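Here's target.cif, which has mmCIF, C-alpha atoms:
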```
data_entry
loop_
_atom_site.label_atom_id
_atom_site.label_comp_id
_atom_site.auth_asym_id
_atom_site.auth_seq_id
_atom_site.Cartn_x
_atom_site.Cartn_y
_atom_site.Cartn_z
CA MET A 1 -3.18 -32.19 -15.73
CA LEU A 2 -3.66 -31.70 -12.02
CA ALA A 3 -3.36 -34.95 -10.09
CA GLY A 4 -4.78 -34.04 -6.67
CA LEU A 5 -8.15 -35.50 -5.67
CA ARG A 6 -10.04 -32.21 -5.40
CA SER A 7 -7.88 -30.16 -7.77
CA CYS A 8 -8.46 -32.62 -10.61
CA ASP A 9 -12.22 -32.31 -10.08
CA ASN A 10 -12.09 -28.51 -9.84
CA TYR A 11 -9.93 -28.07 -12.97
CA PRO A 12 -9.95 -31.11 -15.28
CA GLU A 13 -8.35 -29.30 -18.26
CA LYS A 14 -4.72 -29.52 -19.32
CA LEU A 15 -2.23 -27.00 -17.97
CA ARG A 16 1.14 -25.81 -19.15
CA ARG A 17 4.07 -25.66 -16.69
CA ILE A 18 6.63 -22.95 -17.39
CA VAL A 19 9.95 -22.71 -15.55
CA TYR A 20 11.72 -19.35 -15.73
CA ARG A 21 14.99 -18.26 -14.12
CA ASP A 22 15.04 -14.56 -13.29
CA PRO A 23 18.40 -13.21 -14.52
CA ILE A 24 18.45 -10.41 -11.92
CA THR A 25 17.68 -12.38 -8.75
CA ASN A 26 18.71 -15.79 -10.16
CA LYS A 27 15.48 -17.24 -8.71
CA ARG A 28 13.73 -20.16 -10.37
CA LEU A 29 10.04 -19.42 -10.89
CA VAL A 30 7.41 -21.97 -11.88
CA PHE A 31 4.10 -20.91 -13.48
CA LEU A 32 1.00 -22.88 -14.40
CA THR A 33 -1.09 -21.55 -17.25
CA ASN A 34 -3.82 -22.69 -19.57
CA ASN A 35 -2.40 -20.56 -22.41
CA PHE A 36 -0.59 -22.79 -24.93
CA SER A 37 -0.15 -20.19 -27.68
CA LEU A 38 2.13 -17.58 -26.07
CA ALA A 39 5.88 -17.99 -25.69
CA ALA A 40 7.19 -18.96 -22.26
CA THR A 41 9.09 -15.67 -21.87
CA THR A 42 5.92 -13.71 -22.67
CA ILE A 43 3.98 -15.57 -19.98
CA ALA A 44 6.82 -15.04 -17.48
CA LYS A 45 6.77 -11.28 -18.25
CA LEU A 46 2.97 -11.21 -17.80
CA TYR A 47 3.34 -12.78 -14.35
CA GLN A 48 6.11 -10.31 -13.53
CA SER A 49 3.81 -7.43 -14.51
CA ARG A 50 1.05 -8.95 -12.43
CA TRP A 51 3.42 -9.13 -9.46
CA GLN A 52 4.21 -5.41 -9.89
CA ILE A 53 0.47 -4.71 -9.77
CA GLU A 54 0.18 -6.81 -6.59
CA LEU A 55 3.03 -4.81 -5.00
CA PHE A 56 1.35 -1.56 -6.04
CA PHE A 57 -1.92 -2.56 -4.35
CA LYS A 58 0.00 -3.71 -1.27
CA TRP A 59 1.60 -0.23 -1.13
CA ILE A 60 -1.85 1.36 -1.54
CA LYS A 61 -3.25 -0.69 1.36
CA GLN A 62 -0.28 0.21 3.57
CA HIS A 63 0.07 3.91 2.77
CA LEU A 64 -3.18 5.29 1.40
CA ARG A 65 -6.35 5.58 3.39
CA ILE A 66 -8.64 3.56 1.14
CA LYS A 67 -10.83 1.32 3.24
CA ALA A 68 -13.18 0.35 0.41
CA PHE A 69 -13.88 1.48 -3.12
CA PHE A 70 -17.00 3.61 -3.53
CA GLY A 71 -17.65 2.33 -7.03
CA THR A 72 -16.87 -0.83 -8.94
CA SER A 73 -16.31 0.55 -12.41
CA GLU A 74 -12.78 0.99 -13.70
CA ASN A 75 -13.25 4.76 -13.77
CA ALA A 76 -14.46 4.88 -10.16
CA VAL A 77 -11.52 2.82 -8.89
CA ARG A 78 -8.99 4.83 -10.92
CA THR A 79 -10.45 8.13 -9.72
CA GLN A 80 -10.38 7.08 -6.08
CA ILE A 81 -6.79 5.81 -6.35
CA TRP A 82 -5.65 9.02 -8.10
CA ILE A 83 -7.28 11.17 -5.41
CA ALA A 84 -5.61 9.15 -2.66
CA VAL A 85 -2.20 9.25 -4.38
CA SER A 86 -2.55 13.00 -4.99
CA THR A 87 -3.39 13.56 -1.33
CA TYR A 88 -0.39 11.47 -0.27
CA VAL A 89 1.93 13.45 -2.58
CA LEU A 90 0.56 16.79 -1.35
CA VAL A 91 1.17 15.76 2.27
CA ALA A 92 4.71 14.66 1.33
CA ILE A 93 5.29 18.10 -0.24
CA ILE A 94 3.96 19.80 2.91
CA LYS A 95 6.27 17.65 5.05
CA LYS A 96 9.29 18.61 2.97
CA ARG A 97 8.50 22.32 2.60
CA LEU A 98 7.67 22.80 6.29
CA LYS A 99 10.61 20.58 7.31
CA LEU A 100 8.41 18.48 9.57
CA GLN A 101 10.07 15.60 11.39
CA HIS A 102 6.86 13.57 11.84
CA ARG A 103 6.11 10.48 9.78
CA LEU A 104 3.71 10.90 6.84
CA TYR A 105 1.20 8.64 8.57
CA THR A 106 1.22 10.89 11.66
CA ILE A 107 0.81 14.01 9.52
CA LEU A 108 -2.14 12.43 7.69
CA GLN A 109 -3.78 11.51 11.00
CA ILE A 110 -3.38 15.03 12.39
CA LEU A 111 -4.73 16.61 9.22
CA SER A 112 -7.70 14.23 9.13
CA VAL A 113 -8.84 15.13 12.65
CA SER A 114 -8.32 18.87 12.12
CA THR A 115 -9.85 19.20 8.66
CA PHE A 116 -12.45 21.80 9.61
CA GLU A 117 -10.36 23.75 12.10
CA LYS A 118 -8.94 27.14 11.19
CA THR A 119 -5.62 26.39 12.89
CA PRO A 120 -2.51 27.07 10.77
CA ILE A 121 -0.71 23.87 9.80
CA LEU A 122 2.55 24.78 11.54
CA ARG A 123 0.71 25.37 14.82
CA LEU A 124 -0.87 21.92 14.62
CA PHE A 125 2.55 20.31 14.56
CA SER A 126 4.19 22.67 17.04
CA ASP A 127 1.38 21.88 19.50
CA LEU A 128 2.15 18.20 18.94
CA ASP A 129 5.84 18.81 19.67
CA ASP A 130 4.88 20.56 22.93
CA LEU A 131 2.74 17.59 23.94
CA ASP A 132 5.55 15.17 23.16
CA SER A 133 8.10 17.10 25.22
CA ASP A 134 5.72 17.47 28.20
CA ALA A 135 4.60 13.87 28.17
CA GLY A 136 7.88 12.30 29.25
CA ASP A 137 7.59 8.56 29.70
CA PRO A 138 4.04 7.52 28.69
CA ASN A 139 4.23 4.52 31.04
CA GLN A 140 5.10 6.64 34.06
CA LEU A 141 2.25 7.78 36.27
CA ILE A 142 2.27 11.38 37.47
CA LEU A 143 2.28 11.72 41.23
CA GLN A 144 0.54 14.83 42.47
CA LEU A 145 1.23 16.01 46.00
CA SER A 146 -1.48 18.03 47.73
#
```
Output the file's structure in the form of structure tokens.
Amino acid sequence: MLAGLRSCDNYPEKLRRIVYRDPITNKRLVFLTNNFSLAATTIAKLYQSRWQIELFFKWIKQHLRIKAFFGTSENAVRTQIWIAVSTYVLVAIIKKRLKLQHRLYTILQILSVSTFEKTPILRLFSDLDDLDSDAGDPNQLILQLS
């Protein structure tokens, strides 16, 4: 049972403490669960799967442009994630086929602001290269003599 003042009030039921040593990383992991029927290794594997899901969503937040989900149903969330992953993969294919040196994030930004333009993709990135080479040091002011 939890012994803390507030935690005991918030969850007065019994809990099971499981200690698991990961054979790959040799880390000692401690889990609390209210499931007394499953084996300890099964619960440890469930937490490991849950951690993989957490890492997947962390990757989604870092790499895909999903600010919020448009729907709350399982189908709506799955559809939105699949569309975002498909877009990311298509941009990665474009980057590889066109041998672009820009980061995927930069390519996604350029494509998002030029969605409705009729400019060929290669020109978008060659124009960016021209801007980069002309810019020089971005912290240096340009002195114009008249």
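Atom CA of A:Gln52 is positioned 27.2 Å from atom CA of A:Thr106.
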*Using the chain letters and numbers from the file, which residues does the PyMOL selection byres ((chain A and resi 25-30) around 12) grab, as an MDAnalysis selection string?*
chainID A and resid 16:24 31:33 40:41 43:45 47:48
*Between atom CA of A:Ile53 and atom CA of A:Leu90 - distance in Å to one decimal*: 23.1 Å
_For atom CA of A:Arg6 and atom CA of A:Phe36, the interatomic separation in Å (one decimal)_ = 23.7 Å
Using all atoms of stretch 4-11 of chain A that appear in the file, construct an axis-aligned enclosing box with 4 Å of padding on every side and provide its centre coordinates and edge lengths in Å, rounded to one decimal, as lines of an AutoDock Vina configuration file.
```
center_x = -8.5
center_y = -31.8
center_z = -9.2
size_x = 15.4
size_y = 15.4
size_z = 15.6
```
Near-A:Ala84 list (7 Å; only C-alpha atoms; drop same-chain fewer than 4 positions) as a tab-separated table (two decimals) with C-alpha atoms, in the frame of the given file:
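Result went into around_18.tsv, see below:
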```
chain	number	residue	atom	x	y	z
A	64	LEU	CA	-3.18	5.29	1.40
A	80	GLN	CA	-10.38	7.08	-6.08
A	88	TYR	CA	-0.39	11.47	-0.27
```
